[in-house]
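Student: Just dropping this structure here.
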Protein chains: 2
Amino acid sequence: MNGAQALIKTLADAGVEVCFTNPGTSEMHFVAALDTEPRMRAVLALFEGVATGAADGYARMAGKPAATLLHLGCGLGNGLANLHNARKGKVPVLNIVGDHATHHMRYDAQLQSDIETVARNVSPGFVRTSMSTAELCRDAAEALTACMGPPGSVATLILPADVSWGEGGVPQACPPLPPAPAADEARVQEIARALATSGKKTALLLGGRALQGGTLQNLSRIAQHTGARLFAEVFPTRMERGAGLPHVERIAYLAELASVQLSGLSHLILVDAKSPVSFFAYPGKESDLLPRGCQLHTLAAPHEDVAASIQRLLDATGAQATPALLQSPKRPERPQGKFTADKVCKAIGHLLPERAVLMDEAQTSGIMLPMFTAGSPRHDVLTLTGGAIGQALPCAVGAAIACPDRKVLALSGDGSAMYTLQALWTMAREKLDVVSIIFNNRSYAILNVELQRVGAVGAGEKAHGQLDIGTPALDFVQLAAGMGVPARRAMTTDEFIEALAHALATPGPHLIEAVVPPTLGGLKLRILPRLLGSLKHLPKPLAQALKRGIAP
Amino acid sequence: MNGAQALIKTLADAGVEVCFTNPGTSEMHFVAALDTEPRMRAVLALFEGVATGAADGYARMAGKPAATLLHLGCGLGNGLANLHNARKGKVPVLNIVGDHATHHMRYDAQLQSDIETVARNVSPGFVRTSMSTAELCRDAAEALTACMGPPGSVATLILPADVSWGEGGVPQACPPLPPAPAADEARVQEIARALATSGKKTALLLGGRALQGGTLQNLSRIAQHTGARLFAEVFPTRMERGAGLPHVERIAYLAELASVQLSGLSHLILVDAKSPVSFFAYPGKESDLLPRGCQLHTLAAPHEDVAASIQRLLDATGAQATPALLQSPKRPERPQGKFTADKVCKAIGHLLPERAVLMDEAQTSGIMLPMFTAGSPRHDVLTLTGGAIGQALPCAVGAAIACPDRKVLALSGDGSAMYTLQALWTMAREKLDVVSIIFNNRSYAILNVELQRVGAVGAGEKAHGQLDIGTPALDFVQLAAGMGVPARRAMTTDEFIEALAHALATPGPHLIEAVVPPTLGGLKLRILPRLLGSLKHLPKPLAQALKRGIAP
C-alpha cells in the first residue's frame with residue numbers, strides 16, 4: 001500500500017467522506033489512489049478557492065470535516081481567502097497540500113516555494129510536512145484531531161510526492177477526541193447572579209455552536225426566565241432560525257448601529273463568541289463595541305463544551321420549566337412594485353422552502369433579509385465569517401453536498417460573486433440543488449458607504465471609478481450558461497418571483513441575476529453615512545432592520 | 001498631505017505610473033488619493049490574481065515595476081499565485097497591502113490575519129509593515145529599491161489604514177540604484193578558455209535579461225565564433241525572437257527531452273539563468289538535468305550586470321567582428337485540414353503581426369508554437385515562469401497597458417484560463433488590444449501525461465474524472481461575452497484563421513475559443529509517455545519540436 005492509498009483509507013476510517021480537489025502533478029498518486037477507496041468522494045473544482053470554500057460549507061452543514069487537495073504553495077494561496085473564512089468561523093477543514101518529492105526540494109524548481117509559511121496564516125495550530133511514508137498516516141490522524149477541536153480549525157498537512165508514492169503506508173486510526181470541559185460551578189454561579197440581579201440589562205452573545213438546535217432552546221428559556229436578551233454575533237458560522245425556533249437578534253455590521261443595540265448593558269455573557277468589535281477601524285471611532293462599564297463574562301469559550309455549559313446555567317437559573325420563546329410562522333406577502341434588493345429579500349422570505357440553507361453574502365443588498373425570513377420555515381443561515389468575499393458560491397457547493405435533500409440558496413453581491421464564480425461549474429457537474437441569486441447593482445456598493453465612513457476626502461472620478469464595476473456590465477446569465485448552469489435575469493419584481501419559484505421547483509443548479517439599484521434598505525448609499533449619526537432620521541423599519549434584523 | 005497622498009506621490013516620482021487594484025475598506029484613503037496624482041493610473045481588477053498577474057506582465061514589458069493595491073491578507077492570498085510567477089521570473093512588483101489601523105489589530109476583527117507570514121512566501125527579500133505616516137514614504141522608497149534589484153523581485157509594503165489616513169506624509173525620493181557588478185576578469189577568462197578549448201561541447205544557458213535585444217546579438221556572436229550552442233531556460237521571463245534576431249533553442253519541459261538536448265556537454269555557462277532541473281520529480285529519475293561530468297560556469301548571476309558581463313566575454317573571445325546568426329523571415333503556410341492545437345499554432349505563425357507580444361500558457365496545446373513562430377516577425381514571448389497556472393490572461397492585461405501600440409496574444413489552456421478569467425473584464429474595461437486564444441480540449445490534458453509519467457498505478461474512473469473538465473463543457477464564448485469581450489468559437493481550421501485575422505484587424509479585446517482534441521504534437525496523450533523513453537519512435541518533426549522548439 002503506498003502512502004496515498006494509506007492516507008485516503010485513514011481519512012475514510014475517520015469518517016472523512018469528501019475531498020474537494022484541484023490537483024496537479026505532485027498530487028497524481030493521491031488522485032490515482034481515489035479509486036482504491038469507495039468511501040471517498042472526490043469533487044473537482046476549477047479553482048482552489050472553490051475547493052476550500054466548499055470544504056468550509058460542507059463542514060458547517062455536515063458537522064465534520066472534509067479534506068481539500070491542493071497543489072503546492074500556489075494552490076494553497078489560491079485557496080487562502082476561503083480558508084480564512086473557515087478559520088474565523090472555527091470550521092474544521094483538513095488541507096492536503098501536495099509538494100515536490102523531498103529529494104527535489106533543494107533544486108528550487110519552478111513551483112518550489114515555502115508552503116509552510118503560507119499555511120501558518122490560516123492553520124496556525126497545525127502545519128506539518130510529512131517526511132516519510134511510514135509516518136504519513138500518524139501525521140494525518142494528528143492533523144484530523146487538531147482540526148476537529150473544539151474549536152474547529154484549519155489543519156494543513158503537506159504531502160511530498162515521494163511520501164505519497166512510497167510503499168509502506170500504514171493506515172492509522174484517529175484517537176477518540178478528549179471530552180471538552182464545561183463551565184465550572186463558580187463561573188456558572190457568577191453568571192447566574194448577574195442574570196438574577198440585572199436580567200434586563202444583561203445579554204447573552206451567541207456564536208459558534210450556541211446558535212443551533214436544542215442549545216438555542218435552552219438559551220431562550222434562560223432569557224425568558226431572567227429577562228436577558230439574546231444576541232448573535234454579526235457573522236455567525238451557522239445559525240438555525242425560522243418558525244418554531246427561538247429568534248436571536250444579530251449584532252449589526254455597522255458599528256454605529258451595533259452601539260445602539262448594545263447600549264445600556266451592564267453584563268454581556270459570551271457563549272462561544274468573542275466580545276464585539278468594529279469590523280473595520282474608522283478615524284476617531286472606537287473599535288471596541290462593548291459599552292463602557294459593561295461587565296464581560298464567558299459562559300463557554302470556543303474550546304469548551306457549549307451545550308453542557310448552557311445546561312448548567314439553565315439549572316443554576318432555575319429556568320428548566322420556562323418555555324422558550326419561539327418564532328411564530330409569518331411569511332411576508334408577495335412583494336410588488338419597483339424592483340429593489342429589498343424586494344428580492346422579501347420574495348425569498350415569501351417562498352423559502354422548509355429546511356433551506358441560506359448562504360448570505362449579499363452585502364448591502366441583503367440588509368432586509370433577516371427581517372423578511374425571520375418567520376419563514378425553519379432554515380440555516382451561513383455567513384461570511386472572515387470577511388473574505390467570494391465565499392457564497394463555494395460554500396453553497398459544500399452545503400449542497402453535505403445536505404443533498406435540502407435546497408441551498410446562495411446570495412451574493414455581483415462583486416463578491418466574481419472572485420470564485422467557477423463554483424457554478426462544480427454545481428453543474430455535481431447537479432447540486434443550489435439556487436444562486438446574484439444582486440447585480442453594478443458597483444462595489446458597500447465601498448461607496450465605506451469611502452465616506454472612513455472620511456476619505458478628495459475622492460474624484462478616479463476614486464469613484466474604482467468602485468464602479470458596471471463598466472462594462474457583467475452579464476451573469478451568460479457567465480452561468482458558460483459553465484453549464486441555467487440562468488435567468490430578473491429586471492422586475494414579478495420576473496424575480498417567477499424565476500425563484502421556477503428554480504425552487506426544478507431540481508439542479510440555477511442562477512438568477514437580479515438587476516437592482518445600489519441601495520441599502522431603500523436608501524441611496526451616499527445618504528446613509530450622514531444618517532448613521534442619528535438613527536432617528538432613518539425610516540423606522542429600516543432602523544429596525546439595520547439594528548436587529550427581526551420581523552417588525 | 002496624508003500618508004496615502006504622499007505615498008502615491010513618492011511612487012509617481014520614482015516612475016511608477018500604474019497601480020493594479022482590487023481595494024476594500026482599509027484602502028479607501030489610498031483610493032481617494034488617486035485623484036491627487038495625475039501621473040498614477042489605476043486599473044481595477046475583479047480579482048487580486050488578475051491585479052498581480054497584470055503587474056507582472058506590465059513590468060516584463062515596461063522594464064519597470066507597477067504597484068498592486070490589495071486588501072489585507074486575504075487579498076494578498078488571492079494574488080499569491082501570480083506573484084509567485086513574478087518572483088520566479090525575477091520581475092519587480094511592489095505590493096501595497098492595506099491592513100487594519102494599528103490600534104485595531106489587537107481586536108482580531110474578522111479580516112485580521114498575519115499578513116507578513118503570507119507575504120514572505122513571495123517577497124522573502126522585503127516585507128514591512130509601515131507603522132507611522134511620517135516614515136511611510138521612506139519605507140516605500142526602500143521597498144521600491146528592493147524590488148528593482150537586480151535581480152527584480154516582489155516587495156510587499158503593508159499599509160495600516162491609520163498610517164494611510166494620518167496627516168504628515170512626506171514624499172521621499174528613491175535613491176539611485178547602485179551599479180551592479182559585472183563578471184570579473186578571472187571568471188571571464190575561465191569561460192573564454194572553456195569556449196576556446198571545447199566550443200562545440202559548450203553551451204550558454206540564457207535566462208532573465210540575457211534574452212533581449214542587443215545582448216542577444218552579442219551572445220550569438222560568441223556562439224558563432226566559438227561553436228558553442230545557445231539555450232534558453234525552459235520558461236523565460238521575456239524572450240525576444242523572430243526574424244532578424246538570433247534564434248535560441250529553449251530547454252524542453254519534459255525532462256526526458258531536456259536530457260537529450262543537454263547530452264554530451266562538457267561545459268554549461270549560465271547567463272542570468274540557473275542550472276537546469278526537472279520541473280517535477282519522477283520516481284527513479286534524476287531531478288538534476290546537468291549531464292554528469294559537465295562543468296558549470298556562471299558568466300552573470302541574477303544580481304550582476306548581464307550586458308556588461310557579456311560584453312567582457314565578447315572581448316575575451318575576440319568575437320566582436322563575428323556576425324550574429326540571425327533568423328531569416330519564414331512564416332508557415334496557411335494551415336489546412338483537421339483542426340488541432342498544432343493548426344492553431346501554425347495559424348498564429350502565419351499571421352503574427354510585427355512586434356506582437358505572445359503570452360504563452362498553452363500547455364500541451366502550444367508545443368509546436370515555438371517552431372511555427374520562429375521565423376515570424378520579431379516578437380516577445382512571455383512564459384509561465386513559476387508554473388502557477390492562471391497567468392496568461394492577467395499577464396496580457398499588464399503587457400497591453402505597458403505597450404498600447406502592440407498587439408498582445410494570450411494563449412491559454414482551458415483549465416488555466418479558468419483560474420483568472422476575470423482578466424477579460426479588465427481587458428474590456430480598458431479596451432486593451434488583447435487577443436485571448438483558449439485551447440478548449442476539455443481536459444487537464446497535461447495531467448493525463450503526468451499521471452503516467454509519475455507512474456501512478458490503479459487510476460480508474462474516479463481518478464480520470466479528476467482530469468476531465470469537459471463535464472459540463474465550458475463555453476468560453478458565453479463566458480467572454482458575460483464580461484464584455486467579443487468572442488468567437490472555432491471548430492475548424494478555416495474558422496480559426498478567419499477569427500484570428502478578424503481579431504488582429506479589429507482594435508480592442510477579442511477571445512477565440514479553439515475547440516481542439518487533447519493531443520500533443522498530433523499524438524494522443526496516452527501514447528506519449530511510452531514513447532518518451534526512446535525518441536526515435538516519435539515522428540521526426542515532433543521530436544524536433546519537442547526538443548528544440550525550432551523551425552525544422
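Within each chain, counting starts at residue 1; across the C-alpha cells, chains are named A, B, ... in the order shown, with ligands numbered 1 upward in that order.
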With only C-alpha atoms counted and 9 Å as the cut-off, give the residues of range 140-254 of chain A in contact with range 78-100 of chain A, each with its shortest interatomic distance in Å and the pair that gives it, as a Markdown table.
Tutor:
| residue | atom | partner | partner_atom | distance |
| --- | --- | --- | --- | --- |
| A:Ala140 | CA | A:Leu94 | CA | 8.9 |
| A:Ala143 | CA | A:Leu94 | CA | 7.1 |
| A:Leu144 | CA | A:Leu94 | CA | 6.5 |
| A:Ala146 | CA | A:Pro92 | CA | 8.7 |
| A:Cys147 | CA | A:Pro92 | CA | 5.0 |
| A:Met148 | CA | A:Pro92 | CA | 5.4 |
| A:Gly149 | CA | A:Pro92 | CA | 7.6 |
| A:Pro150 | CA | A:Lys90 | CA | 8.4 |
| A:Pro151 | CA | A:Lys90 | CA | 5.9 |
| A:Gly152 | CA | A:Pro92 | CA | 4.4 |
| A:Ser153 | CA | A:Pro92 | CA | 4.5 |
| A:Val154 | CA | A:Val93 | CA | 4.7 |
| A:Ala155 | CA | A:Leu94 | CA | 5.1 |
| A:Thr156 | CA | A:Asn95 | CA | 4.6 |
| A:Leu157 | CA | A:Ile96 | CA | 5.1 |
| A:Ile158 | CA | A:Val97 | CA | 4.7 |
| A:Leu159 | CA | A:Gly98 | CA | 4.7 |
| A:Pro160 | CA | A:Asp99 | CA | 4.3 |
| A:Ala161 | CA | A:His100 | CA | 5.4 |
| A:Asp162 | CA | A:His100 | CA | 7.8 |
| A:Ser164 | CA | A:Gly98 | CA | 8.7 |
| A:Gly208 | CA | A:Gly89 | CA | 7.2 |
| A:Phe235 | CA | A:Gly89 | CA | 8.5 |
| A:Pro236 | CA | A:Gly89 | CA | 7.3 |
| A:Thr237 | CA | A:Gly89 | CA | 5.2 |
| A:Arg238 | CA | A:Gly89 | CA | 8.8 |
Student: Among the residues of range 192-304 of chain B, find those DSSP assigns to helix (DSSP H, G or I) from the backbone and print them as a ChimeraX atom specification.
Tutor: /B:192-201,208-211,213-226,255-262
Student: Write out as a ChimeraX atom specification the residues lying within 12 Å of Asn440 in chain B, counting only C-alpha atoms and excluding same-chain residues fewer than 5 positions away.
Tutor: /B:340-341,344,362-365,411-418,445,468-470,473-477,489-491,512-519
Student: Tell me, as a list in words, which residues lie within 6 Å of Asp380 in chain A, counting only C-alpha atoms; anything in the same chain fewer than 4 positions away does not count.
Tutor: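 So, after excluding close chain neighbours, the residues are Met239, Glu240, Val357 and Leu358 of chain A.
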Student: Selected residues, all heavy atoms, written as a CSV table (one decimal), in the first residue's frame, please.
Tutor:
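Saved to result.csv:
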chain,number,residue,atom,x,y,z
A,239,MET,N,-26.4,29.4,11.8
A,239,MET,CA,-27.4,29.8,12.7
A,239,MET,C,-28.7,29.2,12.3
A,239,MET,O,-29.2,29.4,11.1
A,239,MET,CB,-27.5,31.4,12.6
A,239,MET,CG,-28.5,32.0,13.5
A,239,MET,SD,-28.3,33.8,13.3
A,239,MET,CE,-29.6,34.4,14.4
A,240,GLU,N,-29.3,28.4,13.2
A,240,GLU,CA,-30.7,27.9,12.9
A,240,GLU,C,-31.7,28.9,13.3
A,240,GLU,O,-31.7,29.4,14.4
A,240,GLU,CB,-30.8,26.6,13.6
A,240,GLU,CG,-30.0,25.4,13.0
A,240,GLU,CD,-30.4,24.1,13.6
A,240,GLU,OE1,-29.9,23.7,14.6
A,240,GLU,OE2,-31.3,23.4,13.0
A,357,VAL,N,-31.1,26.0,3.2
A,357,VAL,CA,-29.8,26.5,3.7
A,357,VAL,C,-29.6,27.8,2.9
A,357,VAL,O,-29.6,27.9,1.7
A,357,VAL,CB,-28.6,25.6,3.4
A,357,VAL,CG1,-27.3,26.2,3.9
A,357,VAL,CG2,-28.9,24.2,4.0
A,358,LEU,N,-29.4,28.9,3.7
A,358,LEU,CA,-29.3,30.2,3.1
A,358,LEU,C,-27.9,30.7,3.4
A,358,LEU,O,-27.6,31.1,4.5
A,358,LEU,CB,-30.4,31.1,3.9
A,358,LEU,CG,-31.0,32.3,3.2
A,358,LEU,CD1,-31.5,32.0,1.9
A,358,LEU,CD2,-32.2,32.8,4.1
Student: Give me the residues within 9 Å of Leu421 in chain A as an MDAnalysis selection string, counting only C-alpha atoms and dropping any in the same chain fewer than 3 places off.
Tutor: chainID A and resid 50 390 393:394 416:418 424:425 479:480
Student: Considering only C-alpha atoms, return as a list in words whatever protein or nucleic-acid residues lie within 8 Å of Leu111 in chain A, sequence-local ones (same chain, fewer than 6 positions apart) excluded.
Tutor: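 Non-adjacent residues within range: Leu72, Gly73 and Cys74 of chain A; Phe279, Gly386, Gly387 and Ala388 of chain B.
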Student: Could you pull the residues within 10 Å of Thr322 in chain B, counting only C-alpha atoms, minus those fewer than 3 positions along the same chain, as JSON, numbers by chain?
Tutor: {"B": [218, 220, 221, 222, 223, 224, 225, 226, 314, 318, 319, 325]}
Student: Could you pull out the residues in range 287-325 of chain A that DSSP calls strand (DSSP E or B) from the backbone, as a VMD selection string?
Tutor: chain A and resid 288 295 to 300
Student: Closest to chain B among A:Val118, A:Ala14, A:Ala400, A:Leu384, using only C-alpha atoms?
Tutor: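 Using only C-alpha atoms, the shortest distance to chain B belongs to A:Val118.
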Student: Quote the spacing between CA of Leu257 in chain B and CA of Ile367 in chain B in Å to one decimal place.
Tutor: 12.7 Å
Student: Between CA of Met1 in chain A and CA of Leu44 in chain A, what is the spacing in Å?
Tutor: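 It comes out at 24.5 Å.
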Student: Go ahead and compute the interatomic distance for CA of Gly63 in chain B and CA of Lys274 in chain B, in Å to one decimal.
Tutor: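 Answer for the CA of Gly63 in chain B to CA of Lys274 in chain B separation: 21.2 Å.
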